[in-house]
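In what follows, a single structure is set out as structure tokens and then discussed.
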Amino acid sequence: MNLRKNVATSESGFIFNPSTGDSFSANPIAAEILIQLKQGVSPSEIKKTVLNKYEVDSSQLERDWDDFLLQLRDANLLDT
Amino acid sequence: MQKLRYERPVIQKMNAGLMNKYGTRTEYEPVKHIDGVSVASLIQQYGSPVFVISEKTIRRTYQNAVRAFKTRYPKVQFAWSYKTNYINAVCKVFHQEGSWAEVVSGFEYNKALGNGVPGNKIIFNGPEKSNEEIKLAINNDSLIHIDHFDELYQLIDICDSVNKKPRVAIRVNMDTGVYPMWDRFGFNYENGSAWNALTKIVASGKMELTGLHCHIGTYMLSADAYAVAVNKLSDLAFKCKTQLNTSIQYLDLGGGFPSANTLRGAYLPASDTNPSIDDFAEAITTAILNAGFKTEELPLLILETGRALIDDAGYLLGTVLANKRLSDGRRATIMDFGVNILFTSFWYEHKISPAQDFTHHTEDMVLYGPLCMNIDMVRESINLPLLNRGDQVVVHRVGAYNMTQWMQFIQMRPHVVLIDEKGTTHLIREAEDLKYIEQLEKMPAHLSTIKL
Amino acid sequence: MSDELKPLVVAVTGLNAIDSPGPGVAVIRALRDGFPQNIRIIGLSYETLEPGIYLHDVVDKTYQIPYPAAGVEALISRLKYIHEKENIAVIIPNFDAELYNFIKLAPSLRTLGIETYLPTLEQFDARDKINLYNFGKKYDLLVPKDKVIYQVNELHACAEELGYPLVVKGKFYDAIIAYTLEQAQKAFYKLSAKWGFPIIVQQFITGTEINIAVLGDGKGNAVSVVPMRKLYITDKGKAWAGITLEDDTLIELARTFVKSTNWKGGCELEIMRTADGKPFIMEVNPRFPAWIYLTAAAGQNQPAALVKMALGENIEPYSEYEVGKIFIRYSWDHITDVSEFQKISAFGEL
């Protein structure tokens with residue numbers, strides 16, 4: 001699972017997919033995750049960071065993580 | 001270190017579509033309290049889902065409607081439409097406020113009697129009335145509204161065996177310029193059936209013709225149609241006076257006023273576009289006052305408004321069961337209430353508010369109910385904040401028809417709670433349980449044991 | 001800073017200058033002509049790709065506003081926010097679908113210090129497609145006969161009265177010409193499925209299409225009347241090119257319309273002039289048309305006059321305009337960057 005290399009992300013939550021021309025907006029936590037994914041941080045590391053920083057338990061995060069991946073796949077932002 | 005408030009990660013496509021016909025509607029404000037009672041505490045005490053009725057709102061809405069009519073016309077009487085919500089505690093709020101009862105079956109009739117409504121303040125409408133029910137109504141001096149010729153002859157027959165003259169009215173249907181025209185109930189005005197029925201009643205000598213009734217439709221979005229109805233009823237009333245020598249004592253304009261719910265597929269929100277109770281009052285009373293009655297002969301105006309008086313007072317509180325993503329990428333949220341108890345979601349785009357704080361990030365989603373049945377969809381498309389399992393929501397304006405048309409299907413019906421004017425909660429209908437559901441079932445002996 | 005330096009701030013909707021254009025960009029162009037100095041134009045947009053948003057020499061700043069379907073409360077709270085930043089003097093709404101809300105809000109806007117110049121709700125409803133026939137009857141204006149129907153079996157009676165071909169129209173948009181009962185039925189089903197009920201069945205009138213841009217003062221006077229004949233029509237029925245006409249009967253018709261309705265604000269009369277010279281009013285659009293700049297070019301700047309009237313100025317009715325002025329609509333690919341699109345999408349401002 002990797003973010004497409006040419007996807008542009010920004011801290012303000014803008015995402016631009018140059019290969020499809022689509023733009024997306026991300027909420028702050030999604031933007032944070034995307035920037036780390038782009039930097040090549042592993043999913044388990046990212047999850048650990050989120051658990052430390054936010055008021056959430058790991059089972060909830062696991063479910064939301066899977067859903068987030070579905071959203072990224074749906075948006076064509078993942079390398080297949 | 002204090003941890004930050006969590007919100008699940010979402011991305012949203014920046015929409016480049018052309019202007020669409022239906023905009024997104026976000027119910028922006030969280031609703032955490034109803035009449036000062038917190039949603040969370042209501043759910044904690046009574047479970048989820050739960051219907052909540054605001055007594056304060058009922059009384060305020062009713063008093064406002066009475067004001068709208070009485071400041072414009074001297075003789076006005078409301079009759080509570082039982083079928084809209086016949087939980088006894090609700091009916092009694094209306095009766096305390098001075099409302100008569102309007103019923104459409106023997107079952108509802110007996111409910112009204114049970115609530116202490118005097119027989120002569122019950123209006124008995126509807127196409128089905130058994131001989132026994134009619135006799136009861138005659139003996140109680142109730143107002144019997146005749147729906148069809150067979151019923152008229154049924155009454156004439158019964159009169160021979162009962163030593164009392166029933167007070168009757170006929171229901172009249174007519175073209176008021178609205179579609180669909182409700183011509184299945186009552187006698188038609190334009191083709192002369194109504195007049196024919198009136199002459200037969202008077203000619204029989206066995207009944208006292210006291211009123212004229214109509215109910216021109218439901219969820220009427222035009223007040224003008226009521227003025228047309230008044231003119232046609234008034235015309236009949238004058239003919240009764242001049243040709244049948246009978247004075248009509250009341251005109252019953254029925255109900256049909258809308259609430260502020262937005263109909264499915266409507267473009268603008270109903271709270272902006274639907275006529276107000278004052279608009280209806282103005283149209284109806286102006287038409288009667290201009291119809292040509294002498295001041296001392298002005299008929300009593302009866303109104304059987306249901307929905308417009310109770311819808312706003314009802315709330316349904318519920319909880320998110322699950323979130324999922326559909327094959328086309330849309331978000332789906334499953335609630336613990338569905339069309340089984342929220343029947344009106346077939347008609348309305350119900351306003352739904354989260355009951356807790358949220359950020360400005362929202363998602364378009366489908367709202368499903370808990371039933372394992374494809375029809376169970378509460379909102380086809382709604383823009384809501386990111387809801388998690390366990391989050392609570394408030395559905396608005398559910399007071400009318402849900403607590404009568406709800407289905408015992410797959411799930412059982414939940415508690416109904418009344419918040420009184422002091423903010424105290426009262427359980428007014430208990431949630432059903434297995435024993436309640438099964439108490440009417442009978443088991444043939446040969447099926448009593450099974451072996452698997 | 002002295003008052004003289006404060007710009008006149010006018011907010012305009014309908015920035016969708018696309019193949020079936022909204023009037024906003026044309027209205028702004030006329031305003032910039034009419035107030036060459038010291039005007040600030042605020043664009044109000046619904047969609048993120050309305051071209052006007054990105055034309056920074058046309059629109060100074062754009063704000064997204066909620067769809068009409070979100071209701072008046074959502075709209076007024078957004079407008080309050082914009083007003084705090086921009087201090088709007090006048091708003092000119094340009095979409096049919098949003099007018100209901102703006103008309104309802106006009107008194108509240110005025111208390112905020114924002115002026116509008118709009119018809120009343122009664123005027124707005126009376127000229128609705130569904131009511132057009134009664135409207136014509138009431139004011140003795142020539143309109144095509146029509147029937148408002150709910151059931152397909154009513155078509156037969158319509159045909160007997162109106163004759164074929166018939167125009168079958170949807171409640172909000174779309175019209176289909178039917179030459180037989182079968183075609184009419186097909187149109188009925190198609191349009192009712194798309195737009196709901198009722199369906200309007202209208203007498204077919206053939207002739208020359210003429211549009212008249214009209215500005216009424218709400219007291220029965222037409223401040224400006226400019227008739228235009230479409231020279232060429234796109235496949236969507238929109239004018240591609242048009243020319244100003246000199247014709248007293250058309251001007252008289254527009255004046256009669258304004259006098260009998262007391263119309264306030266801009267509007268467009270869609271006229272079909274039959275071969276024997278009868279001008280039928282086919283539709284009344286309750287706002288400026290997309291070709292409104294032609295009125296400015298011909299000497300009667302209707303948008304500028306409207307703003308002045310909204311601000312309480314007394315405007316003498318125009319009497320002259322240049323005949324034979326032609327507009328030819330052209331398209332132009334404006335270039336911008338994805339960052340601009342992202343900004344308007346995410347923040348609702350650009």
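Identifiers in the structure tokens: chain A, B, ... in order shown; residue index from 1 per chain; ligand index from 1 in order shown.
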Near segment 36-50 of chain A, counting only C-alpha atoms, which residues have an atom at most 10 Å away, once you skip same-chain residues fewer than 5 positions from it, shown as an MDAnalysis selection string?
-> (chainID A and resid 1:9 29:31 55:58 61:62 65) or (chainID B and resid 3:4 6)
Keeping C-alpha atoms for every residue in the selection just given, could you write it to a file as an mmCIF file, in the first residue's frame?
data_model
loop_
_atom_site.group_PDB
_atom_site.id
_atom_site.type_symbol
_atom_site.label_atom_id
_atom_site.label_comp_id
_atom_site.auth_asym_id
_atom_site.auth_seq_id
_atom_site.Cartn_x
_atom_site.Cartn_y
_atom_site.Cartn_z
ATOM 1 C CA MET A 1 0.000 0.000 0.000
ATOM 2 C CA ASN A 2 1.673 3.148 -1.225
ATOM 3 C CA LEU A 3 0.508 6.594 -2.067
ATOM 4 C CA ARG A 4 1.027 7.330 -5.747
ATOM 5 C CA LYS A 5 4.337 9.083 -6.096
ATOM 6 C CA ASN A 6 3.196 12.129 -7.976
ATOM 7 C CA VAL A 7 0.268 12.945 -5.666
ATOM 8 C CA ALA A 8 0.664 16.453 -4.258
ATOM 9 C CA THR A 9 -0.271 16.949 -0.616
ATOM 10 C CA ILE A 29 -5.981 14.218 10.621
ATOM 11 C CA ALA A 30 -6.253 12.859 7.085
ATOM 12 C CA ALA A 31 -3.815 15.534 5.900
ATOM 13 C CA GLU A 55 -8.257 10.580 21.957
ATOM 14 C CA VAL A 56 -8.997 7.283 20.212
ATOM 15 C CA ASP A 57 -8.645 3.575 20.918
ATOM 16 C CA SER A 58 -6.893 1.200 18.584
ATOM 17 C CA LEU A 61 -8.640 3.618 14.632
ATOM 18 C CA GLU A 62 -8.248 0.257 12.912
ATOM 19 C CA TRP A 65 -7.945 3.273 8.907
ATOM 20 C CA LYS B 3 -4.696 14.209 23.817
ATOM 21 C CA LEU B 4 -6.443 15.973 20.972
ATOM 22 C CA TYR B 6 -10.188 12.644 17.427
#
Could you write out, as number ranges by chain, all the residues of segment 192-275 of chain C that DSSP marks as strand (DSSP E)?
-> C: 199-203, 208-217, 222-233, 239-244, 264-273
Counting only C-alpha atoms, which residues of chain C come no farther than 7 Å from chain B, as a PDB file with C-alpha atoms, in the first residue's frame?
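selection.pdb written:
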ATOM      1  CA  GLU C  47     -20.416  26.082  -8.196  1.00  0.00           C
ATOM      2  CA  THR C  48     -16.653  26.074  -8.085  1.00  0.00           C
ATOM      3  CA  LEU C  49     -16.239  26.230 -11.849  1.00  0.00           C
ATOM      4  CA  TYR C  67     -27.798  26.508  -2.777  1.00  0.00           C
ATOM      5  CA  PRO C  68     -31.308  27.871  -2.843  1.00  0.00           C
ATOM      6  CA  ALA C  69     -32.477  24.520  -1.489  1.00  0.00           C
ATOM      7  CA  ALA C  70     -30.682  25.193   1.784  1.00  0.00           C
ATOM      8  CA  GLY C  71     -33.285  27.839   2.554  1.00  0.00           C
ATOM      9  CA  VAL C  72     -33.342  31.490   3.516  1.00  0.00           C
ATOM     10  CA  SER C 345     -13.447  24.727  -3.293  1.00  0.00           C
TER      11      SER C 345
END
Counting only C-alpha atoms, which residues of chain C come no farther than 9 Å from chain A, as a list in words?
->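 The answer, sorted by residue number, is Val338, Ser339, Phe341, Gln342, Lys343, Ser345 and Ala346 of chain C.
Every protein or nucleic acid residue with an atom no more than 10 Å from Gly14 of chain C, counting only C-alpha atoms and leaving out same-chain residues fewer than 6 positions away, appears here: Pro21, Gly22, Pro23, Gly24, Val25, Ala26, Val27, Gly43, Leu44, Ser45, Tyr46, Glu47, Glu50, Pro51, Gly52, Ile92, Pro93, Asn94, Phe95, Asp96, Glu98 and Ala290 of chain C.
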Keeping only C-alpha atoms, write the selected residues as a PDB file, in the first residue's frame.
ATOM      1  CA  PRO C  21     -24.912  31.363 -19.768  1.00  0.00           C
ATOM      2  CA  GLY C  22     -26.078  33.014 -16.617  1.00  0.00           C
ATOM      3  CA  PRO C  23     -26.355  36.805 -16.846  1.00  0.00           C
ATOM      4  CA  GLY C  24     -23.869  37.683 -14.074  1.00  0.00           C
ATOM      5  CA  VAL C  25     -20.774  38.431 -16.140  1.00  0.00           C
ATOM      6  CA  ALA C  26     -22.796  40.534 -18.585  1.00  0.00           C
ATOM      7  CA  VAL C  27     -24.399  42.432 -15.715  1.00  0.00           C
ATOM      8  CA  GLY C  43     -19.263  37.572  -7.090  1.00  0.00           C
ATOM      9  CA  LEU C  44     -21.638  35.175  -5.387  1.00  0.00           C
ATOM     10  CA  SER C  45     -21.247  31.653  -6.749  1.00  0.00           C
ATOM     11  CA  TYR C  46     -22.813  28.245  -6.235  1.00  0.00           C
ATOM     12  CA  GLU C  47     -20.416  26.082  -8.196  1.00  0.00           C
ATOM     13  CA  GLU C  50     -18.392  29.223 -12.655  1.00  0.00           C
ATOM     14  CA  PRO C  51     -16.024  31.073 -14.994  1.00  0.00           C
ATOM     15  CA  GLY C  52     -16.654  34.498 -13.449  1.00  0.00           C
ATOM     16  CA  ILE C  92     -28.354  41.688  -8.015  1.00  0.00           C
ATOM     17  CA  PRO C  93     -29.494  38.049  -8.075  1.00  0.00           C
ATOM     18  CA  ASN C  94     -29.627  36.553 -11.561  1.00  0.00           C
ATOM     19  CA  PHE C  95     -30.972  32.991 -11.234  1.00  0.00           C
ATOM     20  CA  ASP C  96     -34.648  32.082 -11.382  1.00  0.00           C
ATOM     21  CA  GLU C  98     -32.665  31.753  -6.160  1.00  0.00           C
ATOM     22  CA  ALA C 290     -27.724  36.896 -20.394  1.00  0.00           C
TER      23      ALA C 290
END
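The space separating atom CA of Glu322 of chain C from atom CA of Val225 of chain C comes to 11.9 Å.
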What residues in chain B lie within 10 Å of chain A, counting only C-alpha atoms, written as a ChimeraX atom specification?
-> /B:1-16,323-331,359-362,388-389
For the residues selected in the previous step, produce a file with N, CA and C atoms as a PDB file, in the first residue's frame.
ATOM      1  N   MET B   1       0.563  14.745  28.551  1.00  0.00           N
ATOM      2  CA  MET B   1       0.022  15.674  27.549  1.00  0.00           C
ATOM      3  C   MET B   1      -1.434  15.336  27.242  1.00  0.00           C
ATOM      4  N   GLN B   2      -2.252  16.361  27.237  1.00  0.00           N
ATOM      5  CA  GLN B   2      -3.671  16.195  26.892  1.00  0.00           C
ATOM      6  C   GLN B   2      -3.792  15.754  25.434  1.00  0.00           C
ATOM      7  N   LYS B   3      -4.543  14.661  25.204  1.00  0.00           N
ATOM      8  CA  LYS B   3      -4.696  14.209  23.817  1.00  0.00           C
ATOM      9  C   LYS B   3      -5.722  15.063  23.077  1.00  0.00           C
ATOM     10  N   LEU B   4      -5.550  15.151  21.784  1.00  0.00           N
ATOM     11  CA  LEU B   4      -6.443  15.973  20.972  1.00  0.00           C
ATOM     12  C   LEU B   4      -7.733  15.214  20.648  1.00  0.00           C
ATOM     13  N   ARG B   5      -8.792  15.986  20.385  1.00  0.00           N
ATOM     14  CA  ARG B   5     -10.064  15.388  19.994  1.00  0.00           C
ATOM     15  C   ARG B   5      -9.891  14.676  18.670  1.00  0.00           C
ATOM     16  N   TYR B   6     -10.384  13.465  18.624  1.00  0.00           N
ATOM     17  CA  TYR B   6     -10.188  12.644  17.427  1.00  0.00           C
ATOM     18  C   TYR B   6     -11.361  12.808  16.466  1.00  0.00           C
ATOM     19  N   GLU B   7     -11.023  12.733  15.222  1.00  0.00           N
ATOM     20  CA  GLU B   7     -12.049  12.700  14.188  1.00  0.00           C
ATOM     21  C   GLU B   7     -11.524  11.748  13.131  1.00  0.00           C
ATOM     22  N   ARG B   8     -12.389  10.896  12.603  1.00  0.00           N
ATOM     23  CA  ARG B   8     -11.810   9.926  11.675  1.00  0.00           C
ATOM     24  C   ARG B   8     -11.318  10.619  10.397  1.00  0.00           C
ATOM     25  N   PRO B   9     -10.265  10.084   9.795  1.00  0.00           N
ATOM     26  CA  PRO B   9      -9.703  10.735   8.612  1.00  0.00           C
ATOM     27  C   PRO B   9     -10.634  10.600   7.410  1.00  0.00           C
ATOM     28  N   VAL B  10     -10.857  11.703   6.736  1.00  0.00           N
ATOM     29  CA  VAL B  10     -11.651  11.651   5.504  1.00  0.00           C
ATOM     30  C   VAL B  10     -11.045  12.573   4.460  1.00  0.00           C
ATOM     31  N   ILE B  11     -11.224  12.182   3.218  1.00  0.00           N
ATOM     32  CA  ILE B  11     -10.933  13.102   2.127  1.00  0.00           C
ATOM     33  C   ILE B  11     -12.217  13.272   1.334  1.00  0.00           C
ATOM     34  N   GLN B  12     -12.348  14.406   0.716  1.00  0.00           N
ATOM     35  CA  GLN B  12     -13.557  14.680  -0.033  1.00  0.00           C
ATOM     36  C   GLN B  12     -13.180  15.273  -1.375  1.00  0.00           C
ATOM     37  N   LYS B  13     -13.796  14.723  -2.396  1.00  0.00           N
ATOM     38  CA  LYS B  13     -13.473  15.222  -3.725  1.00  0.00           C
ATOM     39  C   LYS B  13     -13.997  16.643  -3.869  1.00  0.00           C
ATOM     40  N   MET B  14     -13.190  17.507  -4.410  1.00  0.00           N
ATOM     41  CA  MET B  14     -13.653  18.865  -4.666  1.00  0.00           C
ATOM     42  C   MET B  14     -14.509  18.826  -5.910  1.00  0.00           C
ATOM     43  N   ASN B  15     -15.742  19.158  -5.695  1.00  0.00           N
ATOM     44  CA  ASN B  15     -16.729  18.891  -6.731  1.00  0.00           C
ATOM     45  C   ASN B  15     -16.637  19.892  -7.870  1.00  0.00           C
ATOM     46  N   ALA B  16     -16.541  19.356  -9.062  1.00  0.00           N
ATOM     47  CA  ALA B  16     -16.483  20.225 -10.224  1.00  0.00           C
ATOM     48  C   ALA B  16     -17.741  20.079 -11.057  1.00  0.00           C
ATOM     49  N   ASN B 323     -21.077   2.344  10.461  1.00  0.00           N
ATOM     50  CA  ASN B 323     -20.765   3.070   9.238  1.00  0.00           C
ATOM     51  C   ASN B 323     -20.229   2.070   8.233  1.00  0.00           C
ATOM     52  N   LYS B 324     -20.527   2.265   6.986  1.00  0.00           N
ATOM     53  CA  LYS B 324     -19.863   1.443   5.984  1.00  0.00           C
ATOM     54  C   LYS B 324     -19.727   2.225   4.692  1.00  0.00           C
ATOM     55  N   ARG B 325     -18.912   1.687   3.809  1.00  0.00           N
ATOM     56  CA  ARG B 325     -18.728   2.343   2.531  1.00  0.00           C
ATOM     57  C   ARG B 325     -19.342   1.466   1.459  1.00  0.00           C
ATOM     58  N   LEU B 326     -20.183   2.047   0.619  1.00  0.00           N
ATOM     59  CA  LEU B 326     -20.865   1.260  -0.410  1.00  0.00           C
ATOM     60  C   LEU B 326     -19.947   1.060  -1.606  1.00  0.00           C
ATOM     61  N   SER B 327     -20.385   0.198  -2.514  1.00  0.00           N
ATOM     62  CA  SER B 327     -19.522  -0.161  -3.641  1.00  0.00           C
ATOM     63  C   SER B 327     -19.166   1.047  -4.506  1.00  0.00           C
ATOM     64  N   ASP B 328     -20.069   2.044  -4.535  1.00  0.00           N
ATOM     65  CA  ASP B 328     -19.778   3.209  -5.374  1.00  0.00           C
ATOM     66  C   ASP B 328     -19.026   4.289  -4.596  1.00  0.00           C
ATOM     67  N   GLY B 329     -18.545   3.953  -3.398  1.00  0.00           N
ATOM     68  CA  GLY B 329     -17.748   4.919  -2.643  1.00  0.00           C
ATOM     69  C   GLY B 329     -18.553   5.785  -1.711  1.00  0.00           C
ATOM     70  N   ARG B 330     -19.889   5.701  -1.815  1.00  0.00           N
ATOM     71  CA  ARG B 330     -20.699   6.523  -0.927  1.00  0.00           C
ATOM     72  C   ARG B 330     -20.636   6.001   0.499  1.00  0.00           C
ATOM     73  N   ARG B 331     -20.782   6.896   1.434  1.00  0.00           N
ATOM     74  CA  ARG B 331     -20.818   6.545   2.832  1.00  0.00           C
ATOM     75  C   ARG B 331     -22.238   6.107   3.178  1.00  0.00           C
ATOM     76  N   THR B 359     -17.012  18.897  14.056  1.00  0.00           N
ATOM     77  CA  THR B 359     -16.253  19.897  13.310  1.00  0.00           C
ATOM     78  C   THR B 359     -17.008  20.225  12.019  1.00  0.00           C
ATOM     79  N   HIS B 360     -16.428  21.103  11.228  1.00  0.00           N
ATOM     80  CA  HIS B 360     -17.136  21.521  10.015  1.00  0.00           C
ATOM     81  C   HIS B 360     -16.988  20.511   8.888  1.00  0.00           C
ATOM     82  N   HIS B 361     -16.221  19.448   9.124  1.00  0.00           N
ATOM     83  CA  HIS B 361     -16.089  18.445   8.063  1.00  0.00           C
ATOM     84  C   HIS B 361     -17.350  17.608   7.989  1.00  0.00           C
ATOM     85  N   THR B 362     -17.846  17.458   6.787  1.00  0.00           N
ATOM     86  CA  THR B 362     -19.098  16.718   6.618  1.00  0.00           C
ATOM     87  C   THR B 362     -18.942  15.710   5.498  1.00  0.00           C
ATOM     88  N   ASN B 388     -19.814   8.685  14.351  1.00  0.00           N
ATOM     89  CA  ASN B 388     -19.209   7.411  14.745  1.00  0.00           C
ATOM     90  C   ASN B 388     -20.252   6.525  15.393  1.00  0.00           C
ATOM     91  N   ARG B 389     -19.945   5.224  15.450  1.00  0.00           N
ATOM     92  CA  ARG B 389     -20.803   4.297  16.174  1.00  0.00           C
ATOM     93  C   ARG B 389     -21.021   4.848  17.578  1.00  0.00           C
TER      94      ARG B 389
END
Write out as number ranges by chain which residues come within 8 Å of segment 416-418 of chain B when counting only C-alpha atoms, dropping same-chain ones fewer than 4 positions away.
-> B: 50-55, 425-431
Provide the atom CA of Asn85 of chain B to atom CA of Val398 of chain B distance in Å, to one decimal place.
->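 Atom-to-atom, atom CA of Asn85 of chain B to atom CA of Val398 of chain B, that is 10.4 Å.
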Quick one: everything within 7 Å of Val378 of chain B, counting only C-alpha atoms, minus sequence neighbours fewer than 4 positions away in the same chain. Send it as a list in words.
->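 With the cut-off at 7 Å, the set is Gly338, Val339, Ser345, Leu367, Tyr368 and Gly369 of chain B.
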